[in-house]
Amino acid sequence: MRRLTAVACVLALLVAACAKLCAAQAAPRMPGELAWTIGYDPKTFDPAKVDDQESELVRYLTAGVLLRFNRFTQKIDPQLAESWNLSPDGKTITFKLRPGLQFSDGSSLTAKDAAWSIRHVLLPATGAPVAEEFLSPAGVTVATPDARTVVVHLPQRVIGIGKVFDEIAIEPADRPSEGRLTSGPFVVADYRRSQYVRLRPNPHYARRDATGSVLPYARGIRLDILENTEQEIRLFERGEYDVMDSLPPDYFELLKKKAPASVRDLGPSLNTEQMWFNQSPQAPLPAWEKSWFQSRAFRVAVSQAIHRADLARIAYLGHATPAYTFISPANSAWYDSKINAPHTDVAAAKAALAGAGFHLSGGMLEDAAGHPVKFSILTNAGNAARLKMATLIQQDLAALGMQVTVVPLDFPALIERLMHTQDYEACLLGLENVDPDPNAMMNIWLSNSPNHQWNPSEKMPATSWEAQIDLAMNRQASSFNDTERKQAVDRVQQIVADEQPFIYLVYPNVLVAISPRLKGVQPAVLEPSLVWNIESLHLEGVR
Amino acid sequence: MNSEPLLHVKLNADYAGKPVLRDLHLELARGEVLGLVGGSGAGKSTLVLSLLGLLPWRGGSLSGEVMLEGENLLMLSERKLRALRGRRIALIPQSPMSALNPAISLQKHFDEAWRAHEKHAPAVLAARVQQLLAEMQLPTDAEFLRRRPAQISVGQAQRVLIALALLHRPALIIADEPTSALDPVTQTQIVDLLRRLNRTHGMTLLYVSHDLVSVLQLSDRIAVLHAGTIAESLPVDRLAEARQEATLSLLRALPAPPEILLSFRKPSVRGVHEEPQFQNC
Amino acid sequence: MKLKCAAACVLAMLILVAAVIVAAPGASYANQDRESLLAPASTRHPAGTDALGRDRLVRVSAALLLSLAGSVAASAVTTAAAAGVGALAAFGPATVGWTAMLLCDVFLALPWLFLLMMVRSALPLTTSPANSAAITFLVLAALGWPACARAVYRGALSLKTTEWMLYARAGGLRGGQIVRSVIPNLVPLLLPQFLISIPAFVMAEANLGALGLGVGEPLPSWGGMLLELDNSAMLFDTRWVYFPVALLVIVLLLLEAVAGEA
């Protein structure tokens, strides 16, 4: 009996894995309906309260907005607005609405509704996360000189203000409906908790395609709530789903073998994977360790010892791009190919360490005082690619004589150490960049920010280079001139490349799968990368 | 001669709230063999445990007195009582196989029993064990002593237990149905052995049994235990004077009249009784 | 009996082979051959390589040795602790026995997974993989004793009422002597407990590893290798992914065979 139980445990693992695959079943598809999956239940359908990725997707698909940030061209397109205009001091925005706009129930959409929607998200009582992007929301005033004009006046200039309106859904004044009454292409039709969200087309949607046909083309959208990638792939192969985004590299490769026509590697994303050393003077670490981590030579040597090409090739099966700075080549407006960053050069790394007083003793690197160089790299448990990268770096740094321990921690424990106790030596994590504008990274680069990870909430910049980063970041935030902003950001990139507070590792590539039956897809690197032009998507033969 | 009896018992015992022994009187003279007879449930085992002060271990309680050599055992602390057990008063238990610890060797049994009361060098013990084994007609070689209880016969086990009981030359030995688990031939051998011990060492023996035949083979006197008290106590040669129904029914159950059975006895034990010689004193 | 001997022999052979493989010159469970990832079997890598180009055969062998050594040690600790507590509870005063068994119940009721996670997150980060492996097994041992102690307690209680125990008292043996004489009698009870605990600990370590709480990289563990099975993409790439789990099942069966019918 006992013998059986032990073996049964192992078999149960296998059976569970099989069952997981076999049990996959999607809801029946309605004719012309598009379908894909979301990872979890949207936390809210109220467009003003959106704070999570899946709610944001639903808002993107349903909400009418004054301006749309085009995910493909990375430029701002007017949507409900016919035109818009920003005053030279950057404080007054004037929108002119299209004529004859209607909500999905047929009632007319006027400047009154737009003004109400903007004021609604600015009210502290609403608790809209978008409000803080106005910097001082309380001082914002909204006026409606006529039924088609909306004038927004800001107390201070906001960088990239146009994009902020991409997140403000225009709802009927005083009748917020949680997505059931919209001015966008779709309307929330049905929601079954932990099963699916169904959207139906907005019959009064104003936009037309080039031939004058009604948009959107699709007869509906079903978002199945499913977090299991294996099941998702199984169902995608069966044609139950039309798109899959953020595929893990191994599943991408698997799918490539089975359906080579459907997968696409869109190249580097805006996201970065990086590691950094804890430079906080308050960290409960021995003084000599802090002095290593605060030493530029040490950080540069580590950076030079890491074989980024191997990380991309092994941890991401080739579906990542070596990274040397925080602006990805996918960010067409801000990328700078002329940044001079340390590349892989083990000999130079050894020389730099020797120059800084480090020496080898019986195969183990020691500092000038004879302390062996041992440290741990934290990463979040459950992320296979990060664990692999950390293990590869472990071996790369062993070549310098450093003894590295890899510690995967569950996310809350990791955050506790990063944000509160500062009790860690090095950390390997990723940063998701939704907004291509580097202004969105202010909270990471300013030395007094709590998100300034390597040394959070500095009262004064701890080093001269951190002071220079502060200066350059503030310059890009205050400048009216795009060239000057770009120069300031380039300067920050060069300082970061020289000092290596973040050792950038790779940009994971955007890996997607698109059913050959789905027409009209124009994949973009920015989210929602495959359905950003949802109005134009349709299944083959159904229009 | 010391006129005071070796053992004087006046006892009430309760077991699980029920009285088991009621106003039980018993006396044993030095060198005497008293056969205590009684049917099952008469209280024989309870009496044996009471005399050793072990009744509390089985959840019973006692009142009265158990005077051994002028000392009331019931008044002694457990520490003092332990020092008496095995040294002044020893037990030959009922079922030899289950009375030996199955996991340790015979040698170890002797070692532990010796160490319980003596600090002398092992050489003294070795000589004593050799002497006892020879006396018990057991093999004396080291191989035998290395055996575990499961590796010897029941008869041998009972002899080992008798040897263990004799180890510290106790004043009183209580034999609790020592033959009941044995085949008839071995039974006779054990009874002979006990008789010889009584004769040669003047060992005082309380022989507890339900089997009147073996009692008659061995005892100077019998006491009949019935319903928790001594119904009648008689020397074996005056059994004809028995008046109590308990005694009479026992006698009626004998396969032959007691006189005939007594005539089969080996040379009289009473010879010793008449000319007391107490090597122990 | 015959089966048991055979199982023990096969197990000994496996351990010997694994030891030879791990000790062979040039064998390393951590060395990454970055040019042959998830490679099929070859003369250089008889069981292929894993996703980081590490030799699967060496890793499986090292995992086998590591988990067996850890489990045997943990089992010994558990059994010794259980013998101590069980015997103390059975032969000590009633209150001690009662308290000890209450303690056992409390231990059995503990959310041990949570406890393990707590212990793991309280460890200093630079704890080397070998030390954290040792601590993992120690914690497993610390959590494993109560069930075993209960069995010992029951066994010792039944001994307490045996004839020979009463006879030992009648012979005037001291309390300490009596407890000491009991211990050899517990061996038939303790030995199976010890043997049964070994596969249980192997299994527990594998489960912990699959949760990312077991032995840390780059040390190999069953759990880490079982995790590969969770990834159907990998299964598609190489059949050698099944090798560790197959060997684990075999080892568990052998261990159970050795422990069984004891």
# chains A, B, ... in the order shown; residues from 1 in each chain; ligands from 1
>>> residues_around(residues="Ile534 in chain A", least_positions_apart="4", cutoff="10 Å", atoms="only C-alpha atoms", output="list in words")
Leu34, Tyr60, Leu61, Pro185, Phe186, Leu215, Pro216, Tyr217, Ala218, Ile221, Gly520, Val521, Gln522, Pro528, Leu530 and His538 of chain A
>>> interface_residues(of="chain C", to="chain A", cutoff="8 Å", atoms="only C-alpha atoms", output="NGL selection string")
:C and (31-32 or 34 or 37 or 51-52 or 121 or 125-129 or 199-200 or 203 or 212 or 216-218 or 229-230 or 232-234 or 236 or 245 or 249 or 252-253 or 256-257 or 260)
>>> closest_residue(among="A:Asp242, A:Val197, A:Gln476, A:Leu66", to="Glu540 in chain A", atoms="only C-alpha atoms")
A:Asp242
>>> residues_around(residues="range 62-64 of chain C", least_positions_apart="2", cutoff="9 Å", atoms="only C-alpha atoms", output="list in words")
Leu14, Ile15, Ala18, Ala19, Ile21, Val22, Tyr29, Leu57, Val58, Arg59, Val60, Leu66, Ser67, Leu68, Ala69, Leu219, Pro220, Ser221, Trp222, Leu247, Leu248 and Val251 of chain C
>>> closest_atom_pairs(of="chain B", to="chain C", cutoff="6 Å", atoms="only C-alpha atoms", output="Markdown table")
| residue | atom | partner | partner_atom | distance |
| --- | --- | --- | --- | --- |
| B:Arg82 | CA | C:Gly172 | CA | 4.8 |
| B:Arg85 | CA | C:Gly172 | CA | 4.7 |
| B:Gly86 | CA | C:Gly171 | CA | 4.2 |
| B:Ser98 | CA | C:Glu163 | CA | 5.7 |
| B:Ala99 | CA | C:Trp164 | CA | 3.9 |
| B:Leu100 | CA | C:Trp164 | CA | 5.1 |
| B:Asn101 | CA | C:Trp164 | CA | 5.6 |
| B:Ala103 | CA | C:Asn185 | CA | 5.4 |
| B:Ala116 | CA | C:Leu173 | CA | 5.0 |
>>> closest_residue(among="A:Leu505, A:Asn451, A:Asp265, A:Thr463", to="Ala309 in chain A", atoms="only C-alpha atoms")
A:Leu505
>>> residues_around(residues="range 440-447 of chain A", least_positions_apart="6", cutoff="12 Å", atoms="only C-alpha atoms", output="compact mmCIF listing (two decimals) with N, CA and C atoms, in the first residue's frame")
# COMPACT_ATOMS: atom_id res chain seq x y z
N GLU A 133 -1.47 61.63 -13.67
CA GLU A 133 -0.67 62.01 -14.82
C GLU A 133 -0.84 63.51 -15.15
N VAL A 158 2.44 69.38 -18.85
CA VAL A 158 2.59 67.94 -18.67
C VAL A 158 3.19 67.37 -19.95
N ILE A 159 4.34 66.69 -19.77
CA ILE A 159 5.00 66.08 -20.93
C ILE A 159 4.09 64.99 -21.49
N GLY A 160 3.92 64.97 -22.80
CA GLY A 160 3.14 63.92 -23.46
C GLY A 160 1.69 63.93 -23.03
N ILE A 161 1.10 65.11 -22.88
CA ILE A 161 -0.28 65.20 -22.38
C ILE A 161 -1.26 64.53 -23.33
N LYS A 163 -1.11 61.79 -24.89
CA LYS A 163 -1.26 60.37 -24.62
C LYS A 163 -2.17 60.11 -23.41
N VAL A 164 -2.23 61.09 -22.50
CA VAL A 164 -3.06 60.91 -21.31
C VAL A 164 -4.52 60.74 -21.72
N SER A 280 22.67 50.95 -1.49
CA SER A 280 22.12 51.76 -0.40
C SER A 280 23.05 51.75 0.81
N PHE A 326 18.65 51.43 -21.47
CA PHE A 326 17.23 51.24 -21.12
C PHE A 326 16.26 51.56 -22.25
N ILE A 327 16.74 52.22 -23.33
CA ILE A 327 15.85 52.50 -24.44
C ILE A 327 16.05 51.43 -25.49
N LEU A 431 11.88 45.17 -16.31
CA LEU A 431 11.07 46.39 -16.20
C LEU A 431 10.18 46.45 -17.44
N GLU A 432 8.88 46.56 -17.21
CA GLU A 432 7.96 46.66 -18.34
C GLU A 432 7.74 48.12 -18.67
N ASN A 433 8.00 48.48 -19.89
CA ASN A 433 7.77 49.85 -20.33
C ASN A 433 6.57 49.88 -21.26
N VAL A 434 5.51 50.52 -20.79
CA VAL A 434 4.31 50.60 -21.60
C VAL A 434 4.40 51.85 -22.50
N GLN A 453 15.92 52.08 -7.73
CA GLN A 453 16.15 50.79 -7.06
C GLN A 453 17.52 50.62 -6.40
N TRP A 454 18.61 51.03 -7.07
CA TRP A 454 19.92 50.68 -6.48
C TRP A 454 20.20 51.45 -5.21
N ASN A 455 19.53 52.57 -5.00
CA ASN A 455 19.68 53.34 -3.76
C ASN A 455 18.46 54.24 -3.62
N PRO A 456 17.36 53.70 -3.10
CA PRO A 456 16.08 54.42 -3.12
C PRO A 456 16.07 55.64 -2.21
N SER A 457 15.25 56.62 -2.58
CA SER A 457 14.93 57.79 -1.75
C SER A 457 16.16 58.47 -1.17
N GLU A 458 17.11 58.81 -2.03
CA GLU A 458 18.28 59.55 -1.54
C GLU A 458 17.84 60.97 -1.19
N LYS A 459 18.34 61.47 -0.05
CA LYS A 459 18.00 62.85 0.32
C LYS A 459 18.71 63.83 -0.61
N MET A 460 19.99 63.54 -0.84
CA MET A 460 20.80 64.28 -1.81
C MET A 460 21.38 63.22 -2.74
N PRO A 461 21.61 63.52 -4.01
CA PRO A 461 22.26 62.52 -4.88
C PRO A 461 23.56 62.04 -4.22
N ALA A 462 23.70 60.71 -4.13
CA ALA A 462 24.84 60.15 -3.40
C ALA A 462 26.14 60.35 -4.17
N THR A 463 26.05 60.44 -5.50
CA THR A 463 27.26 60.58 -6.30
C THR A 463 27.05 61.71 -7.30
N SER A 464 28.16 62.16 -7.89
CA SER A 464 28.03 63.25 -8.86
C SER A 464 27.29 62.77 -10.11
N TRP A 465 27.52 61.50 -10.49
CA TRP A 465 26.82 61.04 -11.70
C TRP A 465 25.32 60.92 -11.48
N GLU A 466 24.90 60.59 -10.22
CA GLU A 466 23.46 60.55 -9.96
C GLU A 466 22.88 61.97 -10.02
N ALA A 467 23.68 62.95 -9.55
CA ALA A 467 23.25 64.34 -9.64
C ALA A 467 23.08 64.75 -11.11
N GLN A 468 24.02 64.26 -11.95
CA GLN A 468 23.93 64.59 -13.37
C GLN A 468 22.70 63.95 -14.02
N ILE A 469 22.37 62.72 -13.60
CA ILE A 469 21.17 62.07 -14.13
C ILE A 469 19.94 62.89 -13.74
N ASP A 470 19.88 63.30 -12.46
CA ASP A 470 18.76 64.12 -12.00
C ASP A 470 18.60 65.35 -12.89
N LEU A 471 19.74 65.99 -13.12
CA LEU A 471 19.75 67.23 -13.90
C LEU A 471 19.21 66.98 -15.32
N ALA A 472 19.75 65.95 -15.95
CA ALA A 472 19.36 65.67 -17.34
C ALA A 472 17.90 65.25 -17.43
N MET A 473 17.44 64.47 -16.46
CA MET A 473 16.04 64.03 -16.49
C MET A 473 15.11 65.23 -16.30
N ASN A 474 15.50 66.10 -15.39
CA ASN A 474 14.66 67.28 -15.18
C ASN A 474 14.67 68.18 -16.41
N ARG A 475 15.81 68.19 -17.11
CA ARG A 475 15.88 69.02 -18.30
C ARG A 475 14.92 68.49 -19.37
N GLN A 476 14.92 67.17 -19.58
CA GLN A 476 14.02 66.62 -20.60
C GLN A 476 12.56 66.85 -20.21
N ALA A 477 12.29 66.93 -18.90
CA ALA A 477 10.91 67.10 -18.45
C ALA A 477 10.44 68.54 -18.62
N VAL A 489 18.03 62.86 -22.77
CA VAL A 489 17.83 61.42 -22.53
C VAL A 489 19.06 60.64 -22.99
N VAL A 492 21.53 60.81 -20.26
CA VAL A 492 21.23 59.86 -19.17
C VAL A 492 21.67 58.46 -19.57
N GLN A 493 21.37 58.08 -20.80
CA GLN A 493 21.75 56.74 -21.26
C GLN A 493 23.26 56.55 -21.18
N ILE A 495 25.43 58.15 -19.23
CA ILE A 495 25.89 58.06 -17.82
C ILE A 495 25.61 56.66 -17.27
N VAL A 496 24.40 56.16 -17.56
CA VAL A 496 24.03 54.83 -17.06
C VAL A 496 24.95 53.77 -17.66
N PRO A 501 24.71 51.39 -13.01
CA PRO A 501 23.89 51.12 -11.83
C PRO A 501 22.89 50.00 -12.11
N PHE A 502 22.35 50.02 -13.30
CA PHE A 502 21.60 48.87 -13.82
C PHE A 502 22.47 48.21 -14.87
>>> residues_around(residues="range 108-113 of chain A", least_positions_apart="3", cutoff="7 Å", atoms="only C-alpha atoms", output="ChimeraX atom specification")
/A:101-103,116-117,144,147-150,170-173
>>> write_last_selection(atoms="N, CA, C and O atoms", output="PDB file, in the first residue's frame")
ATOM      1  N   LEU A 101     -21.609  62.741 -33.386  1.00  0.00           N
ATOM      2  CA  LEU A 101     -21.169  61.566 -32.603  1.00  0.00           C
ATOM      3  C   LEU A 101     -22.331  61.016 -31.778  1.00  0.00           C
ATOM      4  O   LEU A 101     -23.175  61.771 -31.303  1.00  0.00           O
ATOM      5  N   GLN A 102     -22.337  59.676 -31.636  1.00  0.00           N
ATOM      6  CA  GLN A 102     -23.393  59.040 -30.836  1.00  0.00           C
ATOM      7  C   GLN A 102     -22.800  58.003 -29.902  1.00  0.00           C
ATOM      8  O   GLN A 102     -21.772  57.397 -30.207  1.00  0.00           O
ATOM      9  N   PHE A 103     -23.493  57.782 -28.773  1.00  0.00           N
ATOM     10  CA  PHE A 103     -23.146  56.662 -27.900  1.00  0.00           C
ATOM     11  C   PHE A 103     -23.789  55.411 -28.449  1.00  0.00           C
ATOM     12  O   PHE A 103     -24.607  55.459 -29.376  1.00  0.00           O
ATOM     13  N   TRP A 116     -17.586  66.245 -18.901  1.00  0.00           N
ATOM     14  CA  TRP A 116     -17.960  65.486 -17.694  1.00  0.00           C
ATOM     15  C   TRP A 116     -16.988  64.323 -17.465  1.00  0.00           C
ATOM     16  O   TRP A 116     -16.523  64.091 -16.358  1.00  0.00           O
ATOM     17  N   SER A 117     -16.652  63.598 -18.544  1.00  0.00           N
ATOM     18  CA  SER A 117     -15.772  62.432 -18.418  1.00  0.00           C
ATOM     19  C   SER A 117     -14.399  62.840 -17.924  1.00  0.00           C
ATOM     20  O   SER A 117     -13.790  62.148 -17.094  1.00  0.00           O
ATOM     21  N   THR A 144     -16.461  74.239 -21.900  1.00  0.00           N
ATOM     22  CA  THR A 144     -17.113  73.845 -23.159  1.00  0.00           C
ATOM     23  C   THR A 144     -17.722  75.090 -23.802  1.00  0.00           C
ATOM     24  O   THR A 144     -18.906  75.364 -23.629  1.00  0.00           O
ATOM     25  N   ALA A 147     -20.946  73.215 -28.248  1.00  0.00           N
ATOM     26  CA  ALA A 147     -21.294  71.801 -28.136  1.00  0.00           C
ATOM     27  C   ALA A 147     -20.235  70.885 -28.738  1.00  0.00           C
ATOM     28  O   ALA A 147     -20.256  69.684 -28.508  1.00  0.00           O
ATOM     29  N   ARG A 148     -19.300  71.430 -29.533  1.00  0.00           N
ATOM     30  CA  ARG A 148     -18.289  70.565 -30.130  1.00  0.00           C
ATOM     31  C   ARG A 148     -16.864  70.943 -29.704  1.00  0.00           C
ATOM     32  O   ARG A 148     -15.912  70.389 -30.239  1.00  0.00           O
ATOM     33  N   THR A 149     -16.745  71.860 -28.759  1.00  0.00           N
ATOM     34  CA  THR A 149     -15.402  72.281 -28.347  1.00  0.00           C
ATOM     35  C   THR A 149     -15.198  72.022 -26.853  1.00  0.00           C
ATOM     36  O   THR A 149     -16.071  72.336 -26.036  1.00  0.00           O
ATOM     37  N   VAL A 150     -14.042  71.444 -26.537  1.00  0.00           N
ATOM     38  CA  VAL A 150     -13.665  71.216 -25.140  1.00  0.00           C
ATOM     39  C   VAL A 150     -12.297  71.858 -24.937  1.00  0.00           C
ATOM     40  O   VAL A 150     -11.372  71.609 -25.717  1.00  0.00           O
ATOM     41  N   ILE A 170     -14.735  58.484 -22.978  1.00  0.00           N
ATOM     42  CA  ILE A 170     -15.803  59.468 -22.974  1.00  0.00           C
ATOM     43  C   ILE A 170     -17.118  58.740 -22.752  1.00  0.00           C
ATOM     44  O   ILE A 170     -17.539  57.901 -23.552  1.00  0.00           O
ATOM     45  N   GLU A 171     -17.743  59.032 -21.601  1.00  0.00           N
ATOM     46  CA  GLU A 171     -18.983  58.364 -21.204  1.00  0.00           C
ATOM     47  C   GLU A 171     -20.112  59.392 -21.192  1.00  0.00           C
ATOM     48  O   GLU A 171     -19.859  60.596 -21.110  1.00  0.00           O
ATOM     49  N   PRO A 172     -21.352  58.944 -21.275  1.00  0.00           N
ATOM     50  CA  PRO A 172     -22.457  59.899 -21.208  1.00  0.00           C
ATOM     51  C   PRO A 172     -22.442  60.635 -19.858  1.00  0.00           C
ATOM     52  O   PRO A 172     -22.244  59.991 -18.817  1.00  0.00           O
ATOM     53  N   ALA A 173     -22.615  61.950 -19.887  1.00  0.00           N
ATOM     54  CA  ALA A 173     -22.525  62.740 -18.670  1.00  0.00           C
ATOM     55  C   ALA A 173     -23.487  62.217 -17.615  1.00  0.00           C
ATOM     56  O   ALA A 173     -24.661  61.946 -17.898  1.00  0.00           O
TER      57      ALA A 173
END
